[in-house]
Structures are given as structure tokens and as C-alpha cells.
Amino acid sequence: MALPIAVLLSGSGSNLQAIIDKIEAGGLDAEIKLVLSNKAEAFGLARAKKHDLPTAVLSHKDFPDRDAFDAAMIEAIRAAGAAAVILAGFMRILSPAFVAAFANKILNIHPALLPSFPGAHGQPEAANYGIKLSGCTVHFVDEKMDHGPIVIQAAVPAFPDDDGDTLGKRILRLEHRIYPQAIQWLATGRLKLEGRKVRLSDADLPQADMSGAGPCLINPALEQGF
Ligand code: GAR
């Protein structure tokens, strides 16, 4: 049975699009029961409507505090029949009550290699820091921001001429690949939480890689002889 999910967003929704496309291509065993935005103007809502997906807008500004806003979201998500919550560019911190309501069933994607550059500006902060590798992270959501157990990470090179925009675009292409994969692992019950560690069951262990001799990303590339 497909995993019933709610996708929460605040903006463009390109990650939502990647999820929709993978479901429609038959590669992701999930059903989007609700696309929920805290911003009425979020383009992600238009993407959802184009695919006849149920949408809702709940503005945090209409609620007295975070707990009241989160309680309304919990109600809307439950009413839609979703069992898991996928944060796709949802720019609000979730209360402990929300995290508890969907325990170990909330995923987030972040545009940096956590625990580096958490927060709302991961791409420009990494670019301005002069980092040589950045990337994206899918993780379970816990009470702390951009903190929960990590499911998958992908790395991209960063260059001296990068800014948040150019680096962000490079990262986003990988977000669209790793997020549907992580959701598929959740949907098929393959993610086992062991404290901070997430084990992928039935995965072939990459024996060659464990020595460090396998594929890796080095930037700038090593020159001949190194
Ligand atoms: C994505 O880059 C996502 O990783 C980021 O917002 C963007 C949303 O893009 N999320 C965060 O920064 C969370 N801290 P999208 O609306 O096109 O999917």
C-alpha cells in the first residue's frame, strides 16, 4: 500500500514537483493526501493543483502562537489521512507537539551538508564561507532545527566564484534525486533508527568503499600523481 503523505512547503515547490513526478512515473510508493502551505502565494500550491492534489493554506499569522498554528496543521494533516509529513522548503520551526504527533514519520530536506550551515540560508552561507564541498541532507525531524538523524546526503563541488544562487542551483538538482529516494525508503519500511544513526535495511554494504578506496568527490580535483 502506498504511504499516505502530506507535503508542507512555503515556496516554489520544486521538491514537491520531483516527488509528484516520481510517483506518477511509478517509482515512489506514496500518495500525496495534502499539500499544505503557510503562504497563500507559494508557487508549490499551483503545482499541486495542476496535478489535482488537495491543497490547504494555513497562515501562521492567523494564530496566536506556534502551538496553536501547529495544532491546526496536525488536524488538517490527520483529516487528510496522511501518516507521514514531508517538509519541502517549509520555512517554519515545528513545535515538540507536532514532532510527537508524527513521531519518526517526518522528513526534511536541507540544502547543505548538515550539521554544517543549518538554518534558512544554507547555500549563501556555505558559498561565502569558501567551502569546497557542499550538498544536501535528508533527515528525520526532531525537536531541534535541522538536527534529526540523517537518512542520505549528496555532495557537490563549490567554487570560489559561487554565490548562494549558483551553488544553490547545483545543490537543488541533487535534492530532486535524493528526496524521492529517501521517501521511498520510508514508504517501504527500510529505515531503521538506532539513536542518531539510520540504518538502511537490505542494502548491499559497499565493501570496497569502506576502506576509503571507493568513489569520492575531491574538489579541486587532485592532479596527476596524488
Ligand atoms: C530547497 O532548497 C530546500 O532544501 C530548502 O528550501 C528550498 C525549497 O525549494 N529548505 C531549507 O532551506 C530548509 N532549511 P523548493 O520550494 O523549490 O522545493
# chains A, B, ... in the order shown; residues from 1 in each chain; ligands from 1
call {"tool": "residues_around", "arguments": {"residues": "segment 52-56 of chain A", "least_positions_apart": "4", "cutoff": "6 Å", "atoms": "only C-alpha atoms", "output": "short mmCIF file (atom, residue, chain, number, x, y, z; two decimals) with all heavy atoms, in the first residue's frame"}}
result
data_model
loop_
_atom_site.label_atom_id
_atom_site.label_comp_id
_atom_site.auth_asym_id
_atom_site.auth_seq_id
_atom_site.Cartn_x
_atom_site.Cartn_y
_atom_site.Cartn_z
N LEU A 34 -2.21 15.62 0.90
CA LEU A 34 -2.39 17.05 1.16
C LEU A 34 -1.09 17.80 0.85
O LEU A 34 -0.01 17.32 1.20
CB LEU A 34 -2.75 17.28 2.64
CG LEU A 34 -3.00 18.73 3.07
CD1 LEU A 34 -4.24 19.29 2.38
CD2 LEU A 34 -3.16 18.82 4.58
N VAL A 35 -1.22 18.95 0.19
CA VAL A 35 -0.10 19.89 0.07
C VAL A 35 -0.50 21.11 0.89
O VAL A 35 -1.50 21.77 0.59
CB VAL A 35 0.18 20.26 -1.40
CG1 VAL A 35 1.25 21.34 -1.47
CG2 VAL A 35 0.62 19.02 -2.18
N LEU A 36 0.27 21.36 1.93
CA LEU A 36 -0.09 22.40 2.90
C LEU A 36 0.97 23.50 2.86
O LEU A 36 2.17 23.22 2.92
CB LEU A 36 -0.15 21.77 4.30
CG LEU A 36 -0.45 22.66 5.49
CD1 LEU A 36 -1.80 23.35 5.36
CD2 LEU A 36 -0.43 21.82 6.77
N ALA A 48 0.65 21.77 -7.23
CA ALA A 48 -0.22 20.72 -6.69
C ALA A 48 -1.55 20.70 -7.42
O ALA A 48 -2.05 19.64 -7.80
CB ALA A 48 -0.42 20.96 -5.19
#
call {"tool": "residues_near_ligand", "arguments": {"ligand": "ligand 1", "cutoff": "10 Å", "atoms": "only C-alpha atoms and all ligand atoms", "output": "MDAnalysis selection string"}}
result
chainID A and resid 8:19 42:44 87:93 108:112 117:123 135:138 145:146 168:169 171:176 179
call {"tool": "residues_around", "arguments": {"residues": "Gly148 of chain A", "least_positions_apart": "4", "cutoff": "12 Å", "atoms": "only C-alpha atoms", "output": "PyMOL selection string"}}
result
chain A and resi 99+103-110+114-115+118+137-144+152+193-198
call {"tool": "write_last_selection", "arguments": {"atoms": "C-alpha atoms", "output": "PDB file, in the first residue's frame"}}
result
ATOM      1  CA  VAL A  99       7.097  16.311  16.113  1.00  0.00           C
ATOM      2  CA  ALA A 103       6.970  10.531  15.598  1.00  0.00           C
ATOM      3  CA  ASN A 104       9.706   9.241  13.268  1.00  0.00           C
ATOM      4  CA  LYS A 105       7.460   9.987  10.311  1.00  0.00           C
ATOM      5  CA  ILE A 106       8.657  13.494   9.428  1.00  0.00           C
ATOM      6  CA  LEU A 107      11.409  14.069   6.877  1.00  0.00           C
ATOM      7  CA  ASN A 108      13.101  17.330   5.940  1.00  0.00           C
ATOM      8  CA  ILE A 109      15.496  18.277   3.168  1.00  0.00           C
ATOM      9  CA  HIS A 110      18.185  20.845   3.837  1.00  0.00           C
ATOM     10  CA  LEU A 114      24.426  19.054   7.990  1.00  0.00           C
ATOM     11  CA  PRO A 115      25.495  19.728  10.664  1.00  0.00           C
ATOM     12  CA  PRO A 118      21.756  24.828   9.308  1.00  0.00           C
ATOM     13  CA  THR A 137      20.795  16.307   3.504  1.00  0.00           C
ATOM     14  CA  VAL A 138      17.550  14.435   4.103  1.00  0.00           C
ATOM     15  CA  HIS A 139      16.951  13.819   7.788  1.00  0.00           C
ATOM     16  CA  PHE A 140      14.280  12.793  10.254  1.00  0.00           C
ATOM     17  CA  VAL A 141      12.884  15.787  12.087  1.00  0.00           C
ATOM     18  CA  ASP A 142      13.313  16.079  15.835  1.00  0.00           C
ATOM     19  CA  GLU A 143      12.727  18.966  18.257  1.00  0.00           C
ATOM     20  CA  LYS A 144      15.856  20.858  17.208  1.00  0.00           C
ATOM     21  CA  ILE A 152      21.028  10.437   2.991  1.00  0.00           C
ATOM     22  CA  LEU A 193      16.546   4.296  13.599  1.00  0.00           C
ATOM     23  CA  GLU A 194      19.311   3.465  16.066  1.00  0.00           C
ATOM     24  CA  GLY A 195      19.707   6.619  18.121  1.00  0.00           C
ATOM     25  CA  ARG A 196      21.233   9.219  15.816  1.00  0.00           C
ATOM     26  CA  LYS A 197      22.075   6.587  13.222  1.00  0.00           C
ATOM     27  CA  VAL A 198      19.802   5.490  10.417  1.00  0.00           C
TER      28      VAL A 198
END
call {"tool": "select_by_dssp", "arguments": {"residues": "segment 34-218 of chain A", "states": "helix (DSSP H, G or I)", "output": "PyMOL selection string"}}
result
chain A and resi 43-50+60-62+66-80+96-101+122-129+164-187+207-210
call {"tool": "closest_residue", "arguments": {"among": "A:Ala182, A:Leu45, A:Ile23, A:Leu94", "to": "Gln153 of chain A", "atoms": "only C-alpha atoms"}}
result
A:Ala182
call {"tool": "select_by_dssp", "arguments": {"residues": "segment 30-224 of chain A", "states": "strand (DSSP E or B)", "output": "number ranges by chain"}}
result
A: 30-37, 55-57, 84-87, 106-110, 133-140, 150-157, 191-194, 197-200
call {"tool": "atom_distance", "arguments": {"atom1": "atom CA of Glu31 of chain A", "atom2": "atom CA of Ala187 of chain A"}}
result
9.9 Å
call {"tool": "closest_residue", "arguments": {"among": "A:Leu58, A:Gly26, A:Gln181, A:His51", "to": "Lys39 of chain A", "atoms": "only C-alpha atoms"}}
result
A:Leu58
call {"tool": "closest_residue", "arguments": {"among": "A:Ala158, A:Ile183, A:Asn128, A:Gly214", "to": "Ile32 of chain A", "atoms": "only C-alpha atoms"}}
result
A:Ile183
call {"tool": "closest_residue", "arguments": {"among": "A:Lys22, A:Glu125, A:Asp67, A:Gly164", "to": "Ile178 of chain A", "atoms": "only C-alpha atoms"}}
result
A:Lys22
call {"tool": "decode", "arguments": {"residues": "segment 132-160 of chain A", "atoms": "N, CA, C and O atoms", "output": "PDB file, in the first residue's frame"}}
result
ATOM      1  N   LYS A 132      34.617  23.953  -0.043  1.00  0.00           N
ATOM      2  CA  LYS A 132      34.954  23.312  -1.322  1.00  0.00           C
ATOM      3  C   LYS A 132      33.942  22.248  -1.720  1.00  0.00           C
ATOM      4  O   LYS A 132      33.841  21.871  -2.891  1.00  0.00           O
ATOM      5  N   LEU A 133      33.247  21.690  -0.715  1.00  0.00           N
ATOM      6  CA  LEU A 133      32.175  20.726  -0.984  1.00  0.00           C
ATOM      7  C   LEU A 133      30.960  21.141  -0.179  1.00  0.00           C
ATOM      8  O   LEU A 133      31.074  21.442   1.007  1.00  0.00           O
ATOM      9  N   SER A 134      29.824  21.179  -0.825  1.00  0.00           N
ATOM     10  CA  SER A 134      28.582  21.343  -0.068  1.00  0.00           C
ATOM     11  C   SER A 134      27.609  20.282  -0.563  1.00  0.00           C
ATOM     12  O   SER A 134      28.032  19.298  -1.173  1.00  0.00           O
ATOM     13  N   GLY A 135      26.332  20.464  -0.347  1.00  0.00           N
ATOM     14  CA  GLY A 135      25.411  19.429  -0.801  1.00  0.00           C
ATOM     15  C   GLY A 135      24.074  19.540  -0.120  1.00  0.00           C
ATOM     16  O   GLY A 135      23.641  20.627   0.281  1.00  0.00           O
ATOM     17  N   CYS A 136      23.416  18.403   0.024  1.00  0.00           N
ATOM     18  CA  CYS A 136      22.099  18.410   0.648  1.00  0.00           C
ATOM     19  C   CYS A 136      21.943  17.184   1.543  1.00  0.00           C
ATOM     20  O   CYS A 136      22.646  16.182   1.379  1.00  0.00           O
ATOM     21  N   THR A 137      21.005  17.316   2.459  1.00  0.00           N
ATOM     22  CA  THR A 137      20.795  16.307   3.504  1.00  0.00           C
ATOM     23  C   THR A 137      19.308  16.054   3.667  1.00  0.00           C
ATOM     24  O   THR A 137      18.540  17.007   3.791  1.00  0.00           O
ATOM     25  N   VAL A 138      18.910  14.793   3.682  1.00  0.00           N
ATOM     26  CA  VAL A 138      17.550  14.435   4.103  1.00  0.00           C
ATOM     27  C   VAL A 138      17.672  13.818   5.484  1.00  0.00           C
ATOM     28  O   VAL A 138      18.509  12.927   5.704  1.00  0.00           O
ATOM     29  N   HIS A 139      16.864  14.327   6.411  1.00  0.00           N
ATOM     30  CA  HIS A 139      16.951  13.819   7.788  1.00  0.00           C
ATOM     31  C   HIS A 139      15.570  13.714   8.414  1.00  0.00           C
ATOM     32  O   HIS A 139      14.624  14.401   8.002  1.00  0.00           O
ATOM     33  N   PHE A 140      15.481  12.831   9.422  1.00  0.00           N
ATOM     34  CA  PHE A 140      14.280  12.793  10.254  1.00  0.00           C
ATOM     35  C   PHE A 140      14.237  14.081  11.064  1.00  0.00           C
ATOM     36  O   PHE A 140      15.286  14.626  11.442  1.00  0.00           O
ATOM     37  N   VAL A 141      13.038  14.539  11.338  1.00  0.00           N
ATOM     38  CA  VAL A 141      12.884  15.787  12.087  1.00  0.00           C
ATOM     39  C   VAL A 141      12.711  15.479  13.570  1.00  0.00           C
ATOM     40  O   VAL A 141      11.890  14.618  13.939  1.00  0.00           O
ATOM     41  N   ASP A 142      13.525  16.142  14.393  1.00  0.00           N
ATOM     42  CA  ASP A 142      13.313  16.079  15.835  1.00  0.00           C
ATOM     43  C   ASP A 142      13.042  17.489  16.356  1.00  0.00           C
ATOM     44  O   ASP A 142      12.776  18.397  15.567  1.00  0.00           O
ATOM     45  N   GLU A 143      13.142  17.678  17.679  1.00  0.00           N
ATOM     46  CA  GLU A 143      12.727  18.966  18.257  1.00  0.00           C
ATOM     47  C   GLU A 143      13.660  20.112  17.883  1.00  0.00           C
ATOM     48  O   GLU A 143      13.273  21.268  17.934  1.00  0.00           O
ATOM     49  N   LYS A 144      14.911  19.782  17.517  1.00  0.00           N
ATOM     50  CA  LYS A 144      15.856  20.858  17.208  1.00  0.00           C
ATOM     51  C   LYS A 144      15.915  21.100  15.704  1.00  0.00           C
ATOM     52  O   LYS A 144      15.811  20.146  14.914  1.00  0.00           O
ATOM     53  N   MET A 145      16.175  22.338  15.312  1.00  0.00           N
ATOM     54  CA  MET A 145      16.163  22.702  13.895  1.00  0.00           C
ATOM     55  C   MET A 145      17.305  22.032  13.109  1.00  0.00           C
ATOM     56  O   MET A 145      18.463  22.084  13.538  1.00  0.00           O
ATOM     57  N   ASP A 146      16.957  21.423  11.980  1.00  0.00           N
ATOM     58  CA  ASP A 146      17.937  20.815  11.067  1.00  0.00           C
ATOM     59  C   ASP A 146      18.891  19.883  11.812  1.00  0.00           C
ATOM     60  O   ASP A 146      20.109  19.927  11.622  1.00  0.00           O
ATOM     61  N   HIS A 147      18.340  19.038  12.669  1.00  0.00           N
ATOM     62  CA  HIS A 147      19.173  18.300  13.622  1.00  0.00           C
ATOM     63  C   HIS A 147      18.977  16.788  13.610  1.00  0.00           C
ATOM     64  O   HIS A 147      19.896  16.037  13.942  1.00  0.00           O
ATOM     65  N   GLY A 148      17.821  16.272  13.232  1.00  0.00           N
ATOM     66  CA  GLY A 148      17.493  14.858  13.448  1.00  0.00           C
ATOM     67  C   GLY A 148      18.382  13.901  12.668  1.00  0.00           C
ATOM     68  O   GLY A 148      19.221  14.302  11.861  1.00  0.00           O
ATOM     69  N   PRO A 149      18.212  12.588  12.919  1.00  0.00           N
ATOM     70  CA  PRO A 149      19.036  11.549  12.291  1.00  0.00           C
ATOM     71  C   PRO A 149      19.043  11.631  10.753  1.00  0.00           C
ATOM     72  O   PRO A 149      18.002  11.797  10.135  1.00  0.00           O
ATOM     73  N   ILE A 150      20.239  11.473  10.197  1.00  0.00           N
ATOM     74  CA  ILE A 150      20.443  11.692   8.759  1.00  0.00           C
ATOM     75  C   ILE A 150      20.166  10.421   7.957  1.00  0.00           C
ATOM     76  O   ILE A 150      20.710   9.357   8.257  1.00  0.00           O
ATOM     77  N   VAL A 151      19.357  10.558   6.915  1.00  0.00           N
ATOM     78  CA  VAL A 151      18.984   9.433   6.051  1.00  0.00           C
ATOM     79  C   VAL A 151      19.933   9.326   4.860  1.00  0.00           C
ATOM     80  O   VAL A 151      20.409   8.251   4.510  1.00  0.00           O
ATOM     81  N   ILE A 152      20.197  10.445   4.208  1.00  0.00           N
ATOM     82  CA  ILE A 152      21.028  10.437   2.991  1.00  0.00           C
ATOM     83  C   ILE A 152      21.604  11.834   2.783  1.00  0.00           C
ATOM     84  O   ILE A 152      20.964  12.842   3.119  1.00  0.00           O
ATOM     85  N   GLN A 153      22.820  11.867   2.262  1.00  0.00           N
ATOM     86  CA  GLN A 153      23.442  13.141   1.892  1.00  0.00           C
ATOM     87  C   GLN A 153      24.062  13.004   0.510  1.00  0.00           C
ATOM     88  O   GLN A 153      24.511  11.922   0.128  1.00  0.00           O
ATOM     89  N   ALA A 154      24.079  14.105  -0.216  1.00  0.00           N
ATOM     90  CA  ALA A 154      24.744  14.139  -1.521  1.00  0.00           C
ATOM     91  C   ALA A 154      25.641  15.371  -1.563  1.00  0.00           C
ATOM     92  O   ALA A 154      25.259  16.432  -1.071  1.00  0.00           O
ATOM     93  N   ALA A 155      26.831  15.202  -2.128  1.00  0.00           N
ATOM     94  CA  ALA A 155      27.805  16.295  -2.144  1.00  0.00           C
ATOM     95  C   ALA A 155      27.995  16.843  -3.547  1.00  0.00           C
ATOM     96  O   ALA A 155      27.925  16.109  -4.539  1.00  0.00           O
ATOM     97  N   VAL A 156      28.211  18.147  -3.630  1.00  0.00           N
ATOM     98  CA  VAL A 156      28.565  18.796  -4.901  1.00  0.00           C
ATOM     99  C   VAL A 156      29.791  19.675  -4.646  1.00  0.00           C
ATOM    100  O   VAL A 156      30.015  20.119  -3.519  1.00  0.00           O
ATOM    101  N   PRO A 157      30.560  19.960  -5.701  1.00  0.00           N
ATOM    102  CA  PRO A 157      31.681  20.885  -5.516  1.00  0.00           C
ATOM    103  C   PRO A 157      31.180  22.325  -5.412  1.00  0.00           C
ATOM    104  O   PRO A 157      30.138  22.667  -5.966  1.00  0.00           O
ATOM    105  N   ALA A 158      31.927  23.129  -4.681  1.00  0.00           N
ATOM    106  CA  ALA A 158      31.660  24.572  -4.637  1.00  0.00           C
ATOM    107  C   ALA A 158      32.925  25.290  -5.099  1.00  0.00           C
ATOM    108  O   ALA A 158      34.027  24.810  -4.860  1.00  0.00           O
ATOM    109  N   PHE A 159      32.732  26.425  -5.792  1.00  0.00           N
ATOM    110  CA  PHE A 159      33.857  27.115  -6.432  1.00  0.00           C
ATOM    111  C   PHE A 159      33.965  28.554  -5.922  1.00  0.00           C
ATOM    112  O   PHE A 159      32.974  29.139  -5.464  1.00  0.00           O
ATOM    113  N   PRO A 160      35.167  29.135  -6.028  1.00  0.00           N
ATOM    114  CA  PRO A 160      35.351  30.498  -5.495  1.00  0.00           C
ATOM    115  C   PRO A 160      34.371  31.517  -6.076  1.00  0.00           C
ATOM    116  O   PRO A 160      34.015  32.485  -5.406  1.00  0.00           O
TER     117      PRO A 160
END
